[in-house]
Amino acid sequence: QVQLVQSGGGLVQAGDSLRLSCATSGRAFSSYNMGWFRQAPGKEREFVAGISWSGGSTYYADFVKGRFTISRDNAKNTVYLQMNSLKVEDTAVYYCAVDRTGRSRRYSRVAGDFGSWGQGTQVTVSS
């Protein structure tokens, strides 16, 4: 069972940057594609970004393309989400999770395919 611990987040102004981290002590970290999701109040959890097990492929929701970057360091068992040019509408709780399909090239964006969710990190962007 992979356990994920998130860090980062906070309160920033529109246009600022933040970096989220998601670390695990699980030995199988490099066996899985990983993803970041977010959930705003009153809304469903939505896909933000994903990265393949090797880090060689990344995929994003249209609303963050060009602003957010997902990366991973398998030696440190950590995945990151660099968020630039933040907007008020990016305000949400952000979650990292493991793609339970493992190394599938399907690169799922569906929350139901993910598990071992991190504890969530609040990101608040003020105008």
# chains A, B, ... in the order shown; residues from 1 in each chain; ligands from 1
>>> residues_around(residues="Gly55 (chain A)", least_positions_apart="2", cutoff="10 Å", atoms="only C-alpha atoms", output="ChimeraX atom specification")
/A:30,33-34,50-53,57-58,70-74,79
>>> residues_around(residues="region 6-9 of chain A", least_positions_apart="4", cutoff="8 Å", atoms="only C-alpha atoms", output="PyMOL selection string")
chain A and resi 18-23+95-96+118-124
>>> write_last_selection(atoms="N, CA, C and O atoms", output="short mmCIF file (atom, residue, chain, number, x, y, z; two decimals), in the first residue's frame")
data_model
loop_
_atom_site.label_atom_id
_atom_site.label_comp_id
_atom_site.auth_asym_id
_atom_site.auth_seq_id
_atom_site.Cartn_x
_atom_site.Cartn_y
_atom_site.Cartn_z
N LEU A 18 3.31 28.64 -6.87
CA LEU A 18 3.41 27.72 -5.75
C LEU A 18 3.91 26.38 -6.27
O LEU A 18 3.68 26.05 -7.44
N ARG A 19 4.54 25.63 -5.40
CA ARG A 19 4.91 24.27 -5.74
C ARG A 19 4.37 23.32 -4.69
O ARG A 19 4.62 23.50 -3.49
N LEU A 20 3.68 22.31 -5.16
CA LEU A 20 3.19 21.25 -4.29
C LEU A 20 4.09 20.04 -4.41
O LEU A 20 4.60 19.75 -5.49
N SER A 21 4.27 19.35 -3.31
CA SER A 21 5.05 18.12 -3.30
C SER A 21 4.20 16.98 -2.75
O SER A 21 3.31 17.19 -1.93
N CYS A 22 4.52 15.79 -3.20
CA CYS A 22 3.80 14.59 -2.76
C CYS A 22 4.82 13.48 -2.63
O CYS A 22 5.38 13.03 -3.64
N ALA A 23 5.07 13.07 -1.42
CA ALA A 23 6.12 12.09 -1.16
C ALA A 23 5.54 10.80 -0.61
O ALA A 23 4.50 10.79 0.05
N TYR A 95 -4.99 17.32 -4.55
CA TYR A 95 -4.68 15.97 -4.10
C TYR A 95 -3.75 15.29 -5.08
O TYR A 95 -3.93 15.39 -6.30
N CYS A 96 -2.77 14.55 -4.57
CA CYS A 96 -2.00 13.66 -5.42
C CYS A 96 -2.54 12.25 -5.23
O CYS A 96 -3.16 11.94 -4.20
N GLY A 118 -3.43 11.41 -1.40
CA GLY A 118 -2.79 12.20 -0.36
C GLY A 118 -3.84 12.89 0.49
O GLY A 118 -5.05 12.83 0.21
N GLN A 119 -3.39 13.56 1.54
CA GLN A 119 -4.30 14.15 2.50
C GLN A 119 -4.97 15.44 2.00
O GLN A 119 -5.91 15.93 2.61
N GLY A 120 -4.48 15.97 0.91
CA GLY A 120 -5.04 17.21 0.37
C GLY A 120 -4.29 18.44 0.88
O GLY A 120 -3.85 18.48 2.04
N THR A 121 -4.16 19.42 0.00
CA THR A 121 -3.46 20.67 0.34
C THR A 121 -4.29 21.83 -0.18
O THR A 121 -4.64 21.87 -1.36
N GLN A 122 -4.59 22.77 0.69
CA GLN A 122 -5.39 23.93 0.30
C GLN A 122 -4.52 24.92 -0.47
O GLN A 122 -3.44 25.31 -0.01
N VAL A 123 -5.01 25.33 -1.62
CA VAL A 123 -4.41 26.41 -2.40
C VAL A 123 -5.47 27.49 -2.55
O VAL A 123 -6.56 27.23 -3.08
N THR A 124 -5.16 28.68 -2.08
CA THR A 124 -6.09 29.80 -2.17
C THR A 124 -5.42 30.95 -2.91
O THR A 124 -4.33 31.38 -2.53
#
>>> closest_residue(among="A:Ser25, A:Ser85, A:Thr91, A:Gln3", to="Ser116 (chain A)", atoms="only C-alpha atoms")
A:Gln3
>>> closest_residue(among="A:Lys87, A:Arg27, A:Arg67, A:Arg45", to="Trp117 (chain A)", atoms="only C-alpha atoms")
A:Arg45
>>> residues_around(residues="Ala111 (chain A)", least_positions_apart="2", cutoff="9 Å", atoms="only C-alpha atoms", output="JSON, numbers by chain")
{"A": [37, 45, 46, 47, 97, 99, 108, 109, 113, 114, 115]}
>>> atom_distance(atom1="CA of Asp90 (chain A)", atom2="CA of Asp62 (chain A)")
12.8 Å
>>> atom_distance(atom1="CA of Gly26 (chain A)", atom2="CA of Ser104 (chain A)")
19.1 Å
>>> select_by_dssp(residues="chain A", states="helix (DSSP H, G or I)", output="ChimeraX atom specification")
/A:29-31,62-64,88-90,111-113
>>> write_last_selection(atoms="N, CA and C atoms", output="PDB file, in the first residue's frame")
ATOM      1  N   PHE A  29       6.883   3.138  -5.782  1.00  0.00           N
ATOM      2  CA  PHE A  29       6.530   4.442  -6.358  1.00  0.00           C
ATOM      3  C   PHE A  29       6.802   4.500  -7.851  1.00  0.00           C
ATOM      4  N   SER A  30       7.959   4.030  -8.279  1.00  0.00           N
ATOM      5  CA  SER A  30       8.339   4.135  -9.685  1.00  0.00           C
ATOM      6  C   SER A  30       7.581   3.158 -10.569  1.00  0.00           C
ATOM      7  N   SER A  31       6.720   2.349  -9.986  1.00  0.00           N
ATOM      8  CA  SER A  31       5.916   1.410 -10.768  1.00  0.00           C
ATOM      9  C   SER A  31       4.598   2.003 -11.237  1.00  0.00           C
ATOM     10  N   ASP A  62      -6.833  21.046 -19.872  1.00  0.00           N
ATOM     11  CA  ASP A  62      -6.672  22.219 -20.730  1.00  0.00           C
ATOM     12  C   ASP A  62      -6.544  23.499 -19.917  1.00  0.00           C
ATOM     13  N   PHE A  63      -7.215  23.564 -18.785  1.00  0.00           N
ATOM     14  CA  PHE A  63      -7.241  24.819 -18.043  1.00  0.00           C
ATOM     15  C   PHE A  63      -5.932  25.118 -17.311  1.00  0.00           C
ATOM     16  N   VAL A  64      -4.975  24.194 -17.313  1.00  0.00           N
ATOM     17  CA  VAL A  64      -3.679  24.477 -16.682  1.00  0.00           C
ATOM     18  C   VAL A  64      -2.510  24.401 -17.650  1.00  0.00           C
ATOM     19  N   VAL A  88      -7.519  33.119  -9.640  1.00  0.00           N
ATOM     20  CA  VAL A  88      -8.475  32.952  -8.543  1.00  0.00           C
ATOM     21  C   VAL A  88      -9.216  31.624  -8.677  1.00  0.00           C
ATOM     22  N   GLU A  89      -9.532  31.254  -9.901  1.00  0.00           N
ATOM     23  CA  GLU A  89     -10.285  30.016 -10.143  1.00  0.00           C
ATOM     24  C   GLU A  89      -9.465  28.751  -9.907  1.00  0.00           C
ATOM     25  N   ASP A  90      -8.184  28.888  -9.619  1.00  0.00           N
ATOM     26  CA  ASP A  90      -7.365  27.734  -9.243  1.00  0.00           C
ATOM     27  C   ASP A  90      -7.528  27.391  -7.759  1.00  0.00           C
ATOM     28  N   ALA A 111     -10.812  10.047 -11.886  1.00  0.00           N
ATOM     29  CA  ALA A 111     -10.510   9.892 -10.469  1.00  0.00           C
ATOM     30  C   ALA A 111     -10.718   8.462  -9.978  1.00  0.00           C
ATOM     31  N   GLY A 112     -11.693   7.769 -10.548  1.00  0.00           N
ATOM     32  CA  GLY A 112     -11.974   6.407 -10.124  1.00  0.00           C
ATOM     33  C   GLY A 112     -10.856   5.425 -10.409  1.00  0.00           C
ATOM     34  N   ASP A 113      -9.936   5.783 -11.295  1.00  0.00           N
ATOM     35  CA  ASP A 113      -8.796   4.919 -11.599  1.00  0.00           C
ATOM     36  C   ASP A 113      -7.631   5.152 -10.637  1.00  0.00           C
TER      37      ASP A 113
END
>>> closest_residue(among="A:Ser17, A:Arg106, A:Thr78, A:Ser54", to="Leu4 (chain A)", atoms="only C-alpha atoms")
A:Thr78
>>> closest_residue(among="A:Gln39, A:Tyr94, A:Gly15, A:Arg100", to="Val2 (chain A)", atoms="only C-alpha atoms")
A:Arg100
>>> select_by_dssp(residues="region 15-122 of chain A", states="strand (DSSP E)", output="number ranges by chain")
A: 18-24, 34-39, 46-51, 58-60, 68-73, 78-83, 92-99, 114-115, 121-122
>>> write_last_selection(atoms="C-alpha atoms", output="mmCIF file, in the first residue's frame")
data_model
loop_
_atom_site.group_PDB
_atom_site.id
_atom_site.type_symbol
_atom_site.label_atom_id
_atom_site.label_comp_id
_atom_site.auth_asym_id
_atom_site.auth_seq_id
_atom_site.Cartn_x
_atom_site.Cartn_y
_atom_site.Cartn_z
ATOM 1 C CA LEU A 18 3.413 27.722 -5.752
ATOM 2 C CA ARG A 19 4.913 24.267 -5.743
ATOM 3 C CA LEU A 20 3.186 21.251 -4.288
ATOM 4 C CA SER A 21 5.048 18.118 -3.297
ATOM 5 C CA CYS A 22 3.796 14.592 -2.762
ATOM 6 C CA ALA A 23 6.122 12.095 -1.160
ATOM 7 C CA THR A 24 5.835 8.433 -0.367
ATOM 8 C CA MET A 34 0.845 9.559 -10.796
ATOM 9 C CA GLY A 35 -1.704 12.333 -10.901
ATOM 10 C CA TRP A 36 -2.797 15.578 -9.334
ATOM 11 C CA PHE A 37 -6.455 16.419 -8.897
ATOM 12 C CA ARG A 38 -8.267 19.323 -7.281
ATOM 13 C CA GLN A 39 -11.623 19.939 -5.714
ATOM 14 C CA GLU A 46 -11.216 17.147 -11.319
ATOM 15 C CA PHE A 47 -8.043 16.012 -13.016
ATOM 16 C CA VAL A 48 -5.216 18.552 -13.170
ATOM 17 C CA ALA A 49 -2.081 16.778 -14.372
ATOM 18 C CA GLY A 50 -0.531 13.350 -14.702
ATOM 19 C CA ILE A 51 2.900 11.884 -15.245
ATOM 20 C CA THR A 58 3.092 14.314 -18.914
ATOM 21 C CA TYR A 59 -0.519 15.234 -19.576
ATOM 22 C CA TYR A 60 -2.634 18.141 -18.421
ATOM 23 C CA PHE A 68 1.360 24.128 -14.401
ATOM 24 C CA THR A 69 4.154 21.584 -14.664
ATOM 25 C CA ILE A 70 4.140 18.109 -13.169
ATOM 26 C CA SER A 71 7.413 16.318 -12.513
ATOM 27 C CA ARG A 72 8.747 13.465 -10.438
ATOM 28 C CA ASP A 73 11.960 12.327 -8.837
ATOM 29 C CA THR A 78 8.300 12.395 -4.862
ATOM 30 C CA VAL A 79 6.033 13.998 -7.424
ATOM 31 C CA TYR A 80 5.709 17.756 -7.801
ATOM 32 C CA LEU A 81 3.241 20.229 -9.202
ATOM 33 C CA GLN A 82 4.708 23.597 -10.093
ATOM 34 C CA MET A 83 1.922 26.131 -10.469
ATOM 35 C CA ALA A 92 -9.157 24.406 -4.422
ATOM 36 C CA VAL A 93 -7.889 21.542 -2.347
ATOM 37 C CA TYR A 94 -5.264 19.715 -4.359
ATOM 38 C CA TYR A 95 -4.675 15.969 -4.095
ATOM 39 C CA CYS A 96 -2.003 13.662 -5.424
ATOM 40 C CA ALA A 97 -2.831 10.054 -6.140
ATOM 41 C CA VAL A 98 -1.534 6.837 -7.619
ATOM 42 C CA ASP A 99 -2.858 5.607 -10.939
ATOM 43 C CA PHE A 114 -6.680 6.478 -8.858
ATOM 44 C CA GLY A 115 -6.066 5.461 -5.273
ATOM 45 C CA THR A 121 -3.461 20.670 0.338
ATOM 46 C CA GLN A 122 -5.387 23.925 0.297
#
